[in-house]
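Novice: Below you'll find entry.cif; it's mmCIF, C-alpha atoms and all ligand atoms.
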data_start
loop_
_atom_site.label_atom_id
_atom_site.label_comp_id
_atom_site.auth_asym_id
_atom_site.auth_seq_id
_atom_site.Cartn_x
_atom_site.Cartn_y
_atom_site.Cartn_z
CA MET S 9 41.93 62.11 -83.07
CA PHE S 10 43.90 60.09 -80.55
CA SER S 11 44.51 57.41 -83.15
CA ASN S 12 46.87 59.87 -84.84
CA LEU S 13 49.24 59.66 -81.88
CA LYS S 14 52.55 57.97 -82.45
CA GLU S 15 54.69 56.00 -80.05
CA GLN S 16 57.33 58.27 -78.57
CA PRO S 17 60.91 57.13 -78.05
CA ALA S 18 61.32 55.68 -74.57
CA ASP S 19 63.45 57.66 -72.13
CA LYS S 20 66.50 55.47 -71.56
CA ILE S 21 66.91 56.43 -67.93
CA LEU S 22 63.27 55.84 -66.99
CA GLN S 23 63.14 52.63 -69.02
CA LEU S 24 66.10 51.26 -67.09
CA MET S 25 64.44 52.26 -63.79
CA LYS S 26 61.50 50.05 -64.71
CA MET S 27 63.67 47.12 -65.81
CA TYR S 28 65.48 47.28 -62.49
CA ARG S 29 62.24 47.32 -60.53
CA ASP S 30 60.96 44.31 -62.45
CA ASP S 31 64.14 42.26 -61.97
CA PRO S 32 63.49 39.63 -59.26
CA ARG S 33 67.18 38.85 -58.64
CA PRO S 34 67.95 39.84 -55.01
CA GLU S 35 71.61 40.67 -55.73
CA LYS S 36 70.67 43.32 -58.34
CA ILE S 37 72.62 46.60 -58.24
CA ASP S 38 71.03 49.84 -59.45
CA LEU S 39 73.52 52.29 -60.98
CA GLY S 40 70.88 53.88 -63.21
CA VAL S 41 68.81 56.95 -62.43
CA GLY S 42 70.58 59.90 -60.78
CA VAL S 43 69.15 59.55 -57.31
CA TYR S 44 71.42 59.52 -54.26
CA LYS S 45 71.37 56.38 -52.14
CA ASN S 46 73.15 55.77 -48.86
CA ALA S 47 75.02 52.56 -47.95
CA GLU S 48 71.69 50.89 -47.10
CA GLY S 49 70.36 51.71 -50.55
CA LYS S 50 67.91 54.31 -49.16
CA THR S 51 67.34 57.84 -50.42
CA PRO S 52 66.98 59.58 -47.06
CA ILE S 53 65.14 62.81 -46.35
CA MET S 54 67.84 65.20 -45.21
CA ARG S 55 67.70 66.26 -41.55
CA ALA S 56 67.33 69.96 -42.34
CA ILE S 57 64.45 69.21 -44.73
CA LYS S 58 62.62 67.24 -42.04
CA ALA S 59 63.17 70.04 -39.52
CA ALA S 60 62.01 72.72 -41.97
CA GLU S 61 58.94 70.63 -42.88
CA LYS S 62 58.00 70.31 -39.24
CA ARG S 63 58.36 74.04 -38.73
CA LEU S 64 56.43 74.77 -41.88
CA TRP S 65 53.60 72.50 -40.81
CA GLU S 66 53.35 74.40 -37.56
CA GLU S 67 53.68 77.88 -39.02
CA GLU S 68 52.04 77.83 -42.43
CA GLU S 69 48.59 79.39 -42.34
CA THR S 70 47.43 79.27 -45.94
CA LYS S 71 47.89 77.31 -49.11
CA SER S 72 46.73 80.18 -51.29
CA TYR S 73 48.76 81.14 -54.38
CA VAL S 74 52.13 82.75 -53.88
CA GLY S 75 53.08 84.38 -57.19
CA LEU S 76 53.98 83.44 -60.74
CA ILE S 77 57.68 83.31 -60.03
CA GLY S 78 57.16 81.67 -56.65
CA ASP S 79 58.44 83.45 -53.56
CA PRO S 80 61.12 85.97 -54.61
CA ALA S 81 62.93 85.02 -51.39
CA TYR S 82 63.54 81.57 -52.95
CA ARG S 83 65.08 83.12 -56.06
CA ASP S 84 67.29 85.35 -53.91
CA ALA S 85 68.38 82.55 -51.58
CA LEU S 86 69.19 80.07 -54.34
CA ALA S 87 70.81 82.72 -56.53
CA GLY S 88 73.00 83.52 -53.51
CA LEU S 89 73.98 79.88 -53.09
CA ILE S 90 74.91 79.49 -56.74
CA LEU S 91 76.33 82.89 -57.59
CA GLY S 92 77.76 84.11 -54.27
CA ASP S 93 78.54 87.76 -54.84
CA ALA S 94 79.54 87.32 -58.50
CA VAL S 95 76.50 89.29 -59.72
CA ALA S 96 74.53 92.16 -58.15
CA SER S 97 70.94 91.21 -57.32
CA GLU S 98 69.52 93.88 -59.65
CA ASN S 99 71.05 91.96 -62.55
CA ILE S 100 69.35 88.68 -61.71
CA ALA S 101 65.88 87.69 -62.86
CA GLY S 102 64.59 84.32 -61.73
CA ALA S 103 61.49 82.18 -61.44
CA ALA S 104 60.79 79.01 -59.52
CA THR S 105 60.08 76.06 -61.81
CA PRO S 106 58.93 72.46 -61.38
CA GLY S 107 62.36 70.91 -60.86
CA GLY S 108 65.55 71.49 -62.79
CA THR S 109 63.90 70.10 -65.92
CA GLY S 110 61.26 72.83 -65.68
CA ALA S 111 64.07 75.37 -65.48
CA VAL S 112 65.83 73.88 -68.50
CA ARG S 113 62.62 74.08 -70.49
CA GLN S 114 61.89 77.68 -69.45
CA CYS S 115 65.42 78.78 -70.29
CA PHE S 116 65.13 77.27 -73.77
CA GLU S 117 61.72 78.93 -74.16
CA MET S 118 63.07 82.30 -73.12
CA ALA S 119 66.03 82.04 -75.46
CA ARG S 120 63.72 81.13 -78.34
CA MET S 121 61.46 84.09 -77.56
CA ALA S 122 64.54 86.30 -77.77
CA ASN S 123 65.74 84.62 -80.96
CA PRO S 124 63.28 82.59 -83.07
CA ASP S 125 66.25 81.25 -85.06
CA LEU S 126 67.90 79.89 -81.96
CA ARG S 127 70.49 77.12 -82.32
CA VAL S 128 71.67 75.29 -79.25
CA PHE S 129 75.20 73.93 -78.85
CA VAL S 130 75.21 70.84 -76.63
CA SER S 131 78.06 68.74 -75.31
CA ASN S 132 78.54 65.29 -76.81
CA PRO S 133 77.34 63.57 -74.74
CA THR S 134 74.84 65.46 -72.62
CA TRP S 135 71.89 64.54 -70.38
CA PRO S 136 69.57 62.69 -72.81
CA ASN S 137 66.58 64.76 -71.74
CA HIS S 138 68.31 67.96 -72.94
CA LEU S 139 68.25 66.49 -76.43
CA SER S 140 64.73 65.18 -76.07
CA ILE S 141 63.35 68.56 -74.98
CA LEU S 142 65.23 70.40 -77.72
CA LYS S 143 63.91 67.97 -80.30
CA PHE S 144 60.39 68.29 -78.94
CA MET S 145 60.67 72.07 -79.20
CA GLY S 146 62.00 71.78 -82.74
CA LEU S 147 65.20 73.64 -81.84
CA PRO S 148 68.25 72.83 -83.96
CA THR S 149 71.13 71.44 -81.94
CA ILE S 150 74.81 71.37 -82.71
CA GLU S 151 77.02 68.99 -80.79
CA TYR S 152 80.40 70.04 -79.53
CA ARG S 153 83.03 67.47 -78.62
CA TYR S 154 83.32 67.01 -74.87
CA PHE S 155 84.38 63.54 -73.77
CA ASP S 156 87.47 61.70 -74.88
CA ASN S 157 86.48 58.04 -74.86
CA GLU S 158 90.11 56.95 -74.64
CA THR S 159 91.25 59.04 -71.69
CA ARG S 160 87.74 59.42 -70.23
CA ALA S 161 88.62 63.05 -69.60
CA VAL S 162 87.34 66.24 -71.24
CA ASP S 163 88.39 66.59 -74.87
CA PHE S 164 89.08 70.24 -74.28
CA ASP S 165 90.80 70.98 -77.58
CA GLY S 166 87.89 69.42 -79.45
CA MET S 167 85.41 71.38 -77.37
CA MET S 168 87.14 74.70 -78.03
CA GLU S 169 87.50 73.93 -81.71
CA ASP S 170 83.79 73.15 -82.05
CA LEU S 171 82.60 76.11 -79.98
CA LYS S 172 84.44 78.47 -82.34
CA ASP S 173 81.49 77.98 -84.71
CA ALA S 174 79.02 79.56 -82.29
CA LYS S 175 77.64 82.96 -83.28
CA PRO S 176 75.76 85.81 -81.62
CA GLY S 177 72.20 84.57 -81.03
CA ASP S 178 73.33 80.96 -80.41
CA LEU S 179 72.97 79.31 -77.04
CA VAL S 180 75.85 77.25 -75.63
CA LEU S 181 74.66 74.76 -73.04
CA LEU S 182 77.23 73.98 -70.36
CA HIS S 183 77.04 71.82 -67.25
CA GLY S 184 77.92 73.87 -64.16
CA CYS S 185 79.59 70.92 -62.41
CA CYS S 186 79.43 67.14 -62.15
CA HIS S 187 78.86 66.66 -65.87
CA ASN S 188 75.97 64.32 -66.61
CA PRO S 189 76.56 61.66 -67.97
CA THR S 190 80.37 61.60 -67.99
CA GLY S 191 81.61 62.89 -64.60
CA ALA S 192 84.46 64.67 -66.47
CA ASN S 193 84.60 68.39 -65.68
CA LEU S 194 86.34 71.57 -66.72
CA ASN S 195 88.96 73.04 -64.41
CA LEU S 196 88.94 76.74 -63.68
CA SER S 197 91.46 77.72 -66.32
CA GLN S 198 89.41 75.80 -68.89
CA TRP S 199 86.31 77.67 -67.73
CA GLN S 200 88.26 80.89 -68.28
CA ALA S 201 89.15 79.82 -71.81
CA VAL S 202 85.48 79.01 -72.48
CA VAL S 203 84.51 82.46 -71.19
CA ASP S 204 87.08 84.10 -73.48
CA LEU S 205 85.74 82.14 -76.43
CA LEU S 206 82.13 83.04 -75.59
CA LEU S 207 83.11 86.69 -75.48
CA LYS S 208 84.86 86.35 -78.82
CA THR S 209 82.00 84.55 -80.56
CA GLY S 210 79.22 86.57 -78.92
CA ALA S 211 77.19 83.40 -78.20
CA THR S 212 75.08 83.26 -75.05
CA PRO S 213 75.85 80.61 -72.44
CA MET S 214 73.28 78.60 -70.55
CA ILE S 215 74.42 76.66 -67.51
CA ASP S 216 72.57 73.66 -66.16
CA ILE S 217 73.61 73.21 -62.53
CA ALA S 218 71.90 70.26 -60.89
CA TYR S 219 74.57 68.75 -58.64
CA GLN S 220 76.13 71.65 -56.73
CA GLY S 221 77.82 70.22 -53.64
CA PHE S 222 78.26 66.71 -55.08
CA GLY S 223 81.64 67.32 -56.72
CA ASP S 224 84.38 69.27 -54.96
CA GLY S 225 82.20 71.23 -52.51
CA LEU S 226 79.42 73.84 -52.62
CA GLU S 227 81.71 76.77 -53.40
CA GLU S 228 84.08 74.87 -55.67
CA ASP S 229 81.24 73.44 -57.75
CA ALA S 230 79.86 76.92 -58.39
CA ALA S 231 83.20 78.47 -59.32
CA GLY S 232 82.83 77.98 -63.09
CA THR S 233 79.27 79.32 -63.09
CA ARG S 234 80.37 82.37 -61.08
CA LEU S 235 83.21 83.06 -63.46
CA VAL S 236 80.87 82.96 -66.44
CA ALA S 237 78.25 85.05 -64.61
CA LYS S 238 80.62 87.89 -63.89
CA SER S 239 82.27 87.87 -67.29
CA VAL S 240 79.61 87.61 -69.98
CA PRO S 241 76.90 90.13 -70.89
CA GLU S 242 74.05 87.60 -70.72
CA LEU S 243 73.57 84.20 -69.14
CA LEU S 244 70.78 81.72 -68.51
CA ILE S 245 70.96 79.31 -65.59
CA ALA S 246 68.79 76.27 -64.94
CA ALA S 247 69.23 75.10 -61.36
CA SER S 248 67.86 72.14 -59.47
CA CYS S 249 67.43 71.44 -55.75
CA SER S 250 66.42 67.81 -56.35
CA LYS S 251 69.78 66.30 -55.58
CA ASN S 252 71.59 68.61 -53.17
CA PHE S 253 68.50 69.00 -50.97
CA GLY S 254 67.27 65.46 -51.72
CA ILE S 255 63.78 66.71 -52.60
CA TYR S 256 63.39 64.98 -55.95
CA ARG S 257 59.61 64.60 -55.92
CA GLU S 258 58.93 68.13 -54.64
CA ARG S 259 60.11 69.59 -57.97
CA ALA S 260 62.14 72.61 -56.91
CA GLY S 261 64.05 74.32 -59.70
CA LEU S 262 65.00 77.85 -60.66
CA ALA S 263 65.34 79.47 -64.07
CA MET S 264 67.57 82.55 -64.01
CA ALA S 265 68.41 85.17 -66.60
CA ILE S 266 71.39 87.36 -65.80
CA THR S 267 72.52 90.43 -67.67
CA GLN S 268 75.07 93.10 -67.01
CA ASP S 269 72.49 95.70 -67.95
CA ALA S 270 70.27 96.12 -64.87
CA ALA S 271 67.69 98.01 -66.99
CA GLN S 272 67.00 94.71 -68.77
CA THR S 273 66.28 92.74 -65.59
CA GLY S 274 62.63 93.84 -65.28
CA LEU S 275 61.82 92.58 -68.76
CA ASN S 276 63.67 89.32 -68.13
CA GLN S 277 61.75 88.87 -64.90
CA ASP S 278 58.41 89.56 -66.60
CA THR S 279 59.28 87.12 -69.38
CA LEU S 280 60.02 84.31 -66.94
CA ALA S 281 56.76 85.04 -65.09
CA TYR S 282 54.86 85.05 -68.40
CA LEU S 283 56.42 81.72 -69.38
CA ASN S 284 55.41 80.16 -66.07
CA ARG S 285 51.85 81.41 -66.61
CA GLN S 286 51.68 79.91 -70.08
CA ASN S 287 53.08 76.53 -69.14
CA TYR S 288 51.78 75.71 -65.64
CA SER S 289 50.87 78.99 -64.01
CA PHE S 290 52.14 78.96 -60.42
CA PRO S 291 55.19 76.79 -59.74
CA PRO S 292 55.14 74.26 -56.86
CA ASP S 293 55.81 75.91 -53.52
CA HIS S 294 56.55 73.26 -50.93
CA GLY S 295 60.09 72.26 -51.88
CA THR S 296 61.18 75.79 -52.74
CA ARG S 297 59.87 77.01 -49.37
CA LEU S 298 61.88 74.38 -47.51
CA VAL S 299 65.01 75.39 -49.43
CA THR S 300 64.38 79.06 -48.62
CA MET S 301 63.89 78.30 -44.94
CA ILE S 302 67.10 76.30 -44.80
CA LEU S 303 69.23 78.82 -46.67
CA ASN S 304 67.94 81.69 -44.52
CA ASP S 305 68.40 79.99 -41.16
CA ALA S 306 71.99 79.69 -39.92
CA GLU S 307 71.39 76.53 -37.92
CA LEU S 308 69.41 74.67 -40.57
CA LYS S 309 71.88 75.74 -43.23
CA ALA S 310 74.87 74.53 -41.23
CA ASP S 311 73.21 71.16 -40.68
CA TRP S 312 72.25 70.85 -44.35
CA MET S 313 75.79 71.71 -45.43
CA ALA S 314 77.25 69.15 -43.03
CA GLU S 315 74.96 66.40 -44.31
CA LEU S 316 75.60 67.32 -47.93
CA GLU S 317 79.33 67.21 -47.27
CA ASP S 318 78.98 63.70 -45.80
CA VAL S 319 77.11 62.64 -48.94
CA ARG S 320 79.83 64.12 -51.14
CA LEU S 321 82.68 62.55 -49.19
CA GLY S 322 80.87 59.21 -49.19
CA MET S 323 80.69 59.25 -52.98
CA LEU S 324 84.32 60.28 -53.23
CA LYS S 325 85.33 57.37 -51.01
CA LEU S 326 83.38 54.98 -53.22
CA ARG S 327 85.15 56.40 -56.26
CA GLU S 328 88.53 55.79 -54.67
CA GLN S 329 87.58 52.29 -53.57
CA MET S 330 86.25 51.54 -57.05
CA ALA S 331 89.42 52.77 -58.76
CA SER S 332 91.58 50.71 -56.43
CA GLU S 333 89.46 47.54 -56.73
CA LEU S 334 89.57 47.88 -60.50
CA GLN S 335 93.29 48.37 -60.36
CA LYS S 336 93.61 45.14 -58.40
CA ALA S 337 91.17 43.20 -60.56
CA SER S 338 92.58 44.37 -63.89
CA GLY S 339 96.22 44.76 -62.91
CA SER S 340 96.25 48.10 -64.72
CA ASP S 341 95.67 51.78 -64.04
CA ARG S 342 93.23 52.21 -66.86
CA PHE S 343 90.31 52.82 -64.50
CA GLY S 344 92.05 55.59 -62.58
CA PHE S 345 89.67 58.09 -64.17
CA ILE S 346 86.89 56.95 -61.82
CA ALA S 347 88.72 58.63 -58.93
CA GLN S 348 89.28 61.76 -61.06
CA HIS S 349 85.67 62.17 -62.13
CA ARG S 350 83.32 64.15 -59.90
CA GLY S 351 79.66 64.08 -59.02
CA MET S 352 77.19 61.27 -59.11
CA PHE S 353 78.17 59.80 -62.46
CA SER S 354 81.09 58.29 -64.32
CA ARG S 355 81.02 57.11 -67.86
CA LEU S 356 82.86 53.87 -67.99
CA GLY S 357 83.40 53.99 -71.74
CA ALA S 358 82.08 50.46 -72.35
CA ALA S 359 80.25 49.29 -75.47
CA PRO S 360 76.45 48.85 -75.17
CA GLU S 361 76.78 45.04 -75.55
CA LEU S 362 79.02 44.93 -72.51
CA VAL S 363 76.62 47.09 -70.52
CA GLN S 364 73.90 44.65 -71.50
CA LYS S 365 76.08 41.73 -70.47
CA LEU S 366 76.57 43.29 -67.03
CA ARG S 367 72.81 43.59 -66.70
CA GLU S 368 71.92 40.13 -67.97
CA GLU S 369 74.69 38.15 -66.32
CA HIS S 370 75.35 40.12 -63.15
CA ALA S 371 72.11 42.08 -62.53
CA ILE S 372 74.13 45.30 -62.66
CA TYR S 373 72.13 48.17 -64.10
CA MET S 374 73.83 51.13 -65.73
CA ILE S 375 72.61 53.36 -68.56
CA GLY S 376 73.34 51.98 -72.05
CA ASP S 377 76.06 54.55 -72.70
CA SER S 378 77.86 53.02 -69.65
CA ARG S 379 77.01 55.86 -67.27
CA MET S 380 77.01 54.57 -63.73
CA ASN S 381 75.60 56.23 -60.65
CA ILE S 382 78.35 55.99 -58.06
CA ALA S 383 75.83 56.54 -55.24
CA GLY S 384 74.16 53.25 -56.19
CA LEU S 385 77.21 51.44 -54.79
CA ASN S 386 78.37 50.61 -51.29
CA GLU S 387 81.56 49.14 -49.81
CA THR S 388 80.27 45.60 -50.40
CA THR S 389 79.07 46.03 -53.96
CA VAL S 390 82.18 47.90 -55.21
CA PRO S 391 84.35 44.73 -55.42
CA ILE S 392 81.46 42.83 -57.03
CA LEU S 393 81.13 45.50 -59.70
CA ALA S 394 84.90 45.70 -60.22
CA LYS S 395 85.12 41.97 -60.80
CA ALA S 396 82.11 41.97 -63.13
CA ILE S 397 83.62 44.83 -65.18
CA VAL S 398 86.92 43.06 -65.63
CA ASP S 399 85.25 39.66 -66.28
CA ALA S 400 83.11 41.29 -68.96
CA GLY S 401 86.30 42.39 -70.70
CA ILE S 402 85.72 46.12 -70.29
C1 LIG P 501 69.44 61.49 -64.24
O1 LIG P 501 70.14 61.97 -65.14
O2 LIG P 501 69.42 60.28 -63.98
C2 LIG P 501 68.59 62.39 -63.41
O3 LIG P 501 68.77 63.72 -63.79
C3 LIG P 501 67.18 61.98 -63.36
C4 LIG P 501 66.45 62.24 -64.64
O4 LIG P 501 65.40 62.86 -64.57
O5 LIG P 501 66.92 61.81 -65.69
#
Taking this structure as input, can you express it in the form of structure tokens?
Ligand code: LMR
Specialist:
Amino acid sequence: MFSNLKEQPADKILQLMKMYRDDPRPEKIDLGVGVYKNAEGKTPIMRAIKAAEKRLWEEEETKSYVGLIGDPAYRDALAGLILGDAVASENIAGAATPGGTGAVRQCFEMARMANPDLRVFVSNPTWPNHLSILKFMGLPTIEYRYFDNETRAVDFDGMMEDLKDAKPGDLVLLHGCCHNPTGANLNLSQWQAVVDLLLKTGATPMIDIAYQGFGDGLEEDAAGTRLVAKSVPELLIAASCSKNFGIYRERAGLAMAITQDAAQTGLNQDTLAYLNRQNYSFPPDHGTRLVTMILNDAELKADWMAELEDVRLGMLKLREQMASELQKASGSDRFGFIAQHRGMFSRLGAAPELVQKLREEHAIYMIGDSRMNIAGLNETTVPILAKAIVDAGI
């Protein structure tokens, strides 16, 4: 039976991670996978996480099962962080999932249960694993224009034009903030226009929010999601705590289904619980519990927010340094977009051969589509990268 198996396409991000690990050159620079690194190249455990873990170790008395959706307190706390008071709690169904990817998968599953003929509109480009999961599930995808490769900003007219084709029963996948892989984001009036279009077409939005707090701030990064949540009749949200709580390996995500009809919430909640049961039964607890403890404790929360803000400002500073070094090295303003982009990533807009050249000649690793992880840089490596980019003729 196993001999019938076929090779599966390699995941570009994970493949690059391995190539980087195997590269013996000491000067190598990793701008690949979306993991935060500080100036020393470490991915630290956040202070509030350490403190909550210590407390949990002292207080936790059992490792017995919690529930199919995880602890409802986690759903409530994370829904509060993302949605503020945009939606009443009786309109929110949610289930803990193994990471943001688990949430993405469960949202797609739920949408397909609701509509077996589901079509999913995805931004061009989007996180490669969105496409991989959709393909694996056999769900038809329709790309909408998103990134203008010339200006390296959002091609908003193209996006609106393409989203006009969405119909009731279609899902429109949006990135809540810090668009992955481009770093180019919608402003609030563009979000409003997207909302108006969704209402006109009757399509259902799904928001993937995995980098809240990495862009313009915790509140600012949730503003688009909140606007959608209070305006449309139905919304799916896939959220991740991997990045903003730095708990990548703990796999803490949340799938949410929001409707304006509170009578529907019970069924949505049961559906998410059912889907968890079918796919992995009980979701992981550890990471979600730490998040809940932090969000429900004023002191821990304040410390977490302060550390997250330092992380955000650090990345912003690197962006500014990068834009200015590139300006110096190239004698032009054509890289100004790096300071305009937000979040962990920027898409440089370089051809794959040039990305390869950077890797082979300078040991600089970025994803083949020229996505670079800003957090993989530090003050010393920024000028090295800037020079390599200009030398490569990008
Ligand atoms: C990324 O885009 O690099 C991250 O979301 C990590 C991943 O799983 O791909």
Novice: Residues at most 8 Å from Arg320 of chain S, counting all atoms listed in the file, excluding those fewer than 6 positions away in the same chain, as a PyMOL selection string?
Specialist: chain S and resi 221-225+351
Novice: Residues around (64.9, 75.4, -61.7), cut-off 7 Å, counting only C-alpha atoms - what are they as a compact mmCIF listing (two decimals) with C-alpha atoms, keeping the file's coordinate frame?
Specialist:
# COMPACT_ATOMS: atom_id res chain seq x y z
CA ALA S 104 60.79 79.01 -59.52
CA THR S 105 60.08 76.06 -61.81
CA PRO S 106 58.93 72.46 -61.38
CA GLY S 107 62.36 70.91 -60.86
CA GLY S 108 65.55 71.49 -62.79
CA THR S 109 63.90 70.10 -65.92
CA GLY S 110 61.26 72.83 -65.68
CA ALA S 111 64.07 75.37 -65.48
CA ALA S 246 68.79 76.27 -64.94
CA ALA S 247 69.23 75.10 -61.36
CA SER S 248 67.86 72.14 -59.47
CA ALA S 260 62.14 72.61 -56.91
CA GLY S 261 64.05 74.32 -59.70
CA LEU S 262 65.00 77.85 -60.66
CA ALA S 263 65.34 79.47 -64.07
Novice: Closest to ligand LIG 501 (chain P) among S:Pro360, S:Gly274, S:Gly78, S:Pro136, using only C-alpha atoms and all ligand atoms?
Specialist: S:Pro136
Novice: Could you give me the residues within 7 Å of ligand LIG 501 (chain P), counting only C-alpha atoms and all ligand atoms, as a list in words?
Specialist: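 After applying the 7 Å limit, what remains is Ile21, Gly40, Val41, Gly42, Val43, Trp135, Asn137 and Asn188 of chain S.
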Novice: Excluding same-chain residues fewer than 6 positions from Lys58 of chain S, what lies within 12 Å of it counting only C-alpha atoms, as a PyMOL selection string?
Specialist: chain S and resi 52+64-65+253-255+295+298-299+301-302+308+311-312
Novice: Could you write out that same residue set with C-alpha atoms as a PDB file, keeping the file's coordinate frame?
Specialist:
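Here's the written file part_32.pdb:
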ATOM      1  CA  PRO S  52      66.980  59.580 -47.060  1.00  0.00           C
ATOM      2  CA  LEU S  64      56.430  74.770 -41.880  1.00  0.00           C
ATOM      3  CA  TRP S  65      53.600  72.500 -40.810  1.00  0.00           C
ATOM      4  CA  PHE S 253      68.500  69.000 -50.970  1.00  0.00           C
ATOM      5  CA  GLY S 254      67.270  65.460 -51.720  1.00  0.00           C
ATOM      6  CA  ILE S 255      63.780  66.710 -52.600  1.00  0.00           C
ATOM      7  CA  GLY S 295      60.090  72.260 -51.880  1.00  0.00           C
ATOM      8  CA  LEU S 298      61.880  74.380 -47.510  1.00  0.00           C
ATOM      9  CA  VAL S 299      65.010  75.390 -49.430  1.00  0.00           C
ATOM     10  CA  MET S 301      63.890  78.300 -44.940  1.00  0.00           C
ATOM     11  CA  ILE S 302      67.100  76.300 -44.800  1.00  0.00           C
ATOM     12  CA  LEU S 308      69.410  74.670 -40.570  1.00  0.00           C
ATOM     13  CA  ASP S 311      73.210  71.160 -40.680  1.00  0.00           C
ATOM     14  CA  TRP S 312      72.250  70.850 -44.350  1.00  0.00           C
TER      15      TRP S 312
END
Novice: Please write as number ranges by chain the list of polymer residues whose atoms come within 10 Å of (75.9, 54.3, -65.4), counting all atoms listed in the file and keeping to the coordinates of the file.
Specialist: S: 21, 38-42, 189-190, 352-357, 363, 372-382, 384
Novice: Return the single residue from S:Thr212, S:Thr296, S:Ala201, S:Lys365 that is closest to Glu61 of chain S, with distances computed using all atoms listed in the file.
Specialist: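 The closest residue to Glu61 of chain S is S:Thr296.
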Novice: Suppose you want the space between atom CA of Asn123 of chain S and atom CA of Gln286 of chain S; what is it in Å?
Specialist: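 Separation between atom CA of Asn123 of chain S and atom CA of Gln286 of chain S: 18.4 Å.
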Novice: Which residues are near segment 386-399 of chain S? Cut-off 6 Å, all atoms listed in the file, ignore same chain within fewer than 6 positions. Put them as an MDAnalysis selection string.
Specialist: chainID S and resid 47 330 333:334
